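> Next up is a structure, given as structure tokens.
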Amino acid sequence: MPRRPIRVPGPGRARGDRERWSPYRRLLALRWAIVGLWAALVTARIIVVNADPDADLTAFGIAEVAAVALGVTVIVIAVLRARAIARRRSDDVLAVAVRRVDPTVWLVPASATPELRGTLEAARPEVPLAQHVTWAFGATEASLWELDGRRATRLLVIRWSRVVHVGVEDVLVPGAGRRTAPAIVVHYVRADDTTAVATFFVRAAPGSDRLLGRGDRLDELLARLARERIVA
């Protein structure tokens, strides 16, 4: 199992990117438009008060509150969108790195269970496990990868010939109280002939925090993993 991380080049810019408006630029323009609107309302209020101190300013107050509320909403949306884009970019960069090692693998975006964290902490305490990880399933083995900055690291390798059983069970979600989610459970035999278990939640899509629940997609994944185990 290689210990050396793979360095991944940063994403480049295609020709014409500067001419196109990215979502970040659009949100930035909208934010400044809201600031400009609020400044115009304040200026208009000052002018009206100077011209007529007894004027009714209710309409100005309502418009200012609406502008502030809209601005706060835009900021919240921008923060959430930026986080989602960063997560998606990390998953995409990791996918490129893994496929440079083996272009034939199929990738599953995952989130580690407490059990998997404990297993890796015992085996490799020097490598803290990230929130988002990716499983790469190939013809002969399954491997667990994570991205730390621009370094893609393979943390665990399980050969299909040593997999005993693949199933699904409900596992507590870290930081979610008593909420559970279905996790893939892989029972396998280590190189020293001791038994071990690797469990992981399946994320709904690359860049997503949402965990995949029971249904057709999870059943299809489980069946495919079982076929890989039998064929190997």
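FYI, nothing fancy with the structure tokens labels: chains A, B, ... in order, residues from 1 per chain, ligands from 1 as they appear.
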Need the shell around Arg83 (chain A): protein/DNA/RNA residues with any atom at most 12 Å away, counting only C-alpha atoms. Skip same-chain ones fewer than 4 positions apart. Format as a tab-separated table (two decimals) with N, CA and C atoms, in the first residue's frame?


chain	number	residue	atom	x	y	z
A	24	TYR	N	-19.88	33.37	-8.24
A	24	TYR	CA	-19.32	34.27	-7.23
A	24	TYR	C	-19.41	35.71	-7.69
A	76	VAL	N	-25.91	34.84	3.26
A	76	VAL	CA	-26.08	33.46	3.71
A	76	VAL	C	-26.03	32.50	2.52
A	77	ILE	N	-26.74	32.85	1.44
A	77	ILE	CA	-26.73	32.00	0.25
A	77	ILE	C	-25.33	31.89	-0.32
A	78	ALA	N	-24.60	33.01	-0.34
A	78	ALA	CA	-23.24	33.01	-0.88
A	78	ALA	C	-22.31	32.10	-0.07
A	79	VAL	N	-22.44	32.16	1.26
A	79	VAL	CA	-21.59	31.32	2.12
A	79	VAL	C	-21.89	29.84	1.90
A	87	ARG	N	-16.51	21.91	-1.55
A	87	ARG	CA	-16.60	20.47	-1.35
A	87	ARG	C	-16.60	19.74	-2.69
A	88	ARG	N	-17.34	20.26	-3.66
A	88	ARG	CA	-17.40	19.61	-4.98
A	88	ARG	C	-16.04	19.66	-5.66
A	89	ARG	N	-15.33	20.78	-5.54
A	89	ARG	CA	-14.01	20.88	-6.14
A	89	ARG	C	-13.04	19.88	-5.51
A	90	SER	N	-13.12	19.71	-4.19
A	90	SER	CA	-12.25	18.74	-3.51
A	90	SER	C	-12.52	17.32	-4.00
A	207	GLY	N	-19.38	16.27	-3.42
A	207	GLY	CA	-19.57	17.62	-2.89
A	207	GLY	C	-20.74	17.77	-1.96
A	208	SER	N	-21.54	16.71	-1.80
A	208	SER	CA	-22.74	16.79	-0.97
A	208	SER	C	-22.46	16.30	0.44
A	209	ASP	N	-23.14	16.90	1.41
A	209	ASP	CA	-23.09	16.43	2.79
A	209	ASP	C	-24.22	15.44	3.10

> Apply DSSP to the backbone of this structure and, from region 14-230 of chain A, keep only the residues in strand (DSSP E); write these as a VMD selection string.

chain A and resid 106 to 112 132 to 137 141 to 148 151 to 159 163 to 172 180 to 189 195 to 202

> Using only C-alpha atoms for the distances, tell me which of A:Arg31, A:His187, A:His165, A:Arg150 is nearest to Arg227 (chain A).

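The closest residue to Arg227 (chain A) is A:His165.
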
> For Ala123 (chain A), find every residue with an atom within 12 Å (counting only C-alpha atoms), except residues of its own chain fewer than 4 positions away, and show them as a list in words.

Leu116, Arg117, Gly118, Thr119, Val127, Pro128, Leu129, Leu155, Leu156, Arg190 and Ala196 of chain A

> Could you save the residues just selected, with all heavy atoms, as a compact mmCIF listing (two decimals), in the first residue's frame?


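As written to disk, selection-v6.txt reads:
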# COMPACT_ATOMS: atom_id res chain seq x y z
N LEU A 116 -15.00 3.26 11.41
CA LEU A 116 -13.91 3.37 10.45
C LEU A 116 -12.84 4.33 10.95
O LEU A 116 -11.65 4.09 10.78
CB LEU A 116 -14.45 3.82 9.09
CG LEU A 116 -13.41 3.91 7.97
CD1 LEU A 116 -12.74 2.57 7.74
CD2 LEU A 116 -14.06 4.42 6.69
N ARG A 117 -13.28 5.43 11.57
CA ARG A 117 -12.31 6.37 12.14
C ARG A 117 -11.44 5.68 13.19
O ARG A 117 -10.21 5.87 13.23
CB ARG A 117 -13.03 7.57 12.77
CG ARG A 117 -13.62 8.52 11.76
CD ARG A 117 -14.24 9.74 12.44
NE ARG A 117 -14.80 10.64 11.46
CZ ARG A 117 -14.11 11.54 10.79
NH1 ARG A 117 -12.81 11.64 11.00
NH2 ARG A 117 -14.69 12.32 9.91
N GLY A 118 -12.07 4.88 14.05
CA GLY A 118 -11.32 4.18 15.08
C GLY A 118 -10.34 3.18 14.48
O GLY A 118 -9.19 3.06 14.95
N THR A 119 -10.76 2.49 13.43
CA THR A 119 -9.89 1.51 12.78
C THR A 119 -8.65 2.18 12.20
O THR A 119 -7.52 1.70 12.36
CB THR A 119 -10.65 0.77 11.68
OG1 THR A 119 -11.78 0.09 12.26
CG2 THR A 119 -9.75 -0.23 10.96
N VAL A 127 -2.33 9.98 10.55
CA VAL A 127 -3.17 10.51 9.46
C VAL A 127 -4.57 10.77 9.99
O VAL A 127 -5.35 9.82 10.16
CB VAL A 127 -3.21 9.53 8.28
CG1 VAL A 127 -4.06 10.11 7.14
CG2 VAL A 127 -1.81 9.21 7.80
N PRO A 128 -4.94 12.04 10.26
CA PRO A 128 -6.32 12.31 10.69
C PRO A 128 -7.28 12.18 9.51
O PRO A 128 -7.02 12.68 8.42
CB PRO A 128 -6.24 13.77 11.18
CG PRO A 128 -5.09 14.37 10.42
CD PRO A 128 -4.11 13.25 10.20
N LEU A 129 -8.38 11.49 9.75
CA LEU A 129 -9.33 11.23 8.68
C LEU A 129 -10.24 12.44 8.47
O LEU A 129 -10.78 13.00 9.42
CB LEU A 129 -10.17 10.00 9.01
CG LEU A 129 -11.06 9.45 7.89
CD1 LEU A 129 -10.23 9.03 6.70
CD2 LEU A 129 -11.89 8.29 8.40
N LEU A 155 -5.54 5.47 2.13
CA LEU A 155 -5.49 5.12 3.55
C LEU A 155 -5.66 3.64 3.82
O LEU A 155 -5.16 3.13 4.82
CB LEU A 155 -6.56 5.90 4.32
CG LEU A 155 -6.51 7.43 4.23
CD1 LEU A 155 -7.70 8.03 4.95
CD2 LEU A 155 -5.22 7.95 4.83
N LEU A 156 -6.41 2.98 2.98
CA LEU A 156 -6.76 1.58 3.26
C LEU A 156 -6.96 0.85 1.95
O LEU A 156 -7.54 1.41 1.01
CB LEU A 156 -8.03 1.53 4.10
CG LEU A 156 -8.58 0.16 4.50
CD1 LEU A 156 -7.61 -0.54 5.45
CD2 LEU A 156 -9.95 0.30 5.16
N ARG A 190 -7.49 -9.32 7.03
CA ARG A 190 -6.25 -8.57 6.83
C ARG A 190 -5.13 -9.50 6.33
O ARG A 190 -5.28 -10.71 6.29
CB ARG A 190 -5.81 -7.92 8.14
CG ARG A 190 -6.75 -6.89 8.70
CD ARG A 190 -6.07 -6.15 9.85
NE ARG A 190 -6.96 -5.22 10.52
CZ ARG A 190 -7.62 -5.49 11.65
NH1 ARG A 190 -7.48 -6.67 12.22
NH2 ARG A 190 -8.41 -4.58 12.20
N ALA A 196 -11.47 -8.07 10.11
CA ALA A 196 -11.68 -6.63 10.31
C ALA A 196 -12.97 -6.21 9.61
O ALA A 196 -13.52 -6.95 8.78
CB ALA A 196 -10.49 -5.83 9.78

> Taking only C-alpha atoms into account, which of A:Gly167, A:Leu211, A:Val48, A:Arg159 comes nearest Val189 (chain A)?

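The answer is A:Arg159, which sits nearest to Val189 (chain A).
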
> Might you pull out every residue within 12 Å of Asp193 (chain A), with only C-alpha atoms counted and same-chain residues fewer than 5 positions away left off, and present them as a list of chain:residue names?

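Close residues of Asp193 (chain A): A:Arg162, A:Val163, A:Tyr188.
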
> Pull N, CA, C and O atoms from the residues just selected and write them as a PDB file, in the first residue's frame.


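again.pdb, written as the output of this step:
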ATOM      1  N   ARG A 162     -10.138 -11.184  -0.310  1.00  0.00           N
ATOM      2  CA  ARG A 162     -10.127 -11.328   1.145  1.00  0.00           C
ATOM      3  C   ARG A 162     -11.399 -10.760   1.779  1.00  0.00           C
ATOM      4  O   ARG A 162     -11.496 -10.675   3.000  1.00  0.00           O
ATOM      5  N   VAL A 163     -12.360 -10.339   0.954  1.00  0.00           N
ATOM      6  CA  VAL A 163     -13.643  -9.850   1.464  1.00  0.00           C
ATOM      7  C   VAL A 163     -14.552 -11.046   1.742  1.00  0.00           C
ATOM      8  O   VAL A 163     -14.767 -11.897   0.871  1.00  0.00           O
ATOM      9  N   TYR A 188     -13.786  -8.244   6.093  1.00  0.00           N
ATOM     10  CA  TYR A 188     -12.663  -8.755   5.302  1.00  0.00           C
ATOM     11  C   TYR A 188     -11.585  -9.317   6.219  1.00  0.00           C
ATOM     12  O   TYR A 188     -11.657  -9.217   7.454  1.00  0.00           O
TER      13      TYR A 188
END

> Can you work out the spacing between CA of Glu141 (chain A) and CA of Glu228 (chain A) in Å, to one decimal?

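Atom-to-atom, CA of Glu141 (chain A) to CA of Glu228 (chain A), that is 9.1 Å.
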
> What's the 9 Å shell around Ser161 (chain A), counting only C-alpha atoms, without same-chain residues fewer than 4 positions away, as number ranges by chain?

A: 140-141, 188, 229-232

> DSSP on the backbone: which residues in region 11-231 of chain A end up as alpha helix (DSSP H)? Give the answer as a PyMOL selection string.

chain A and resi 23-51+58-101+114-123+216-231
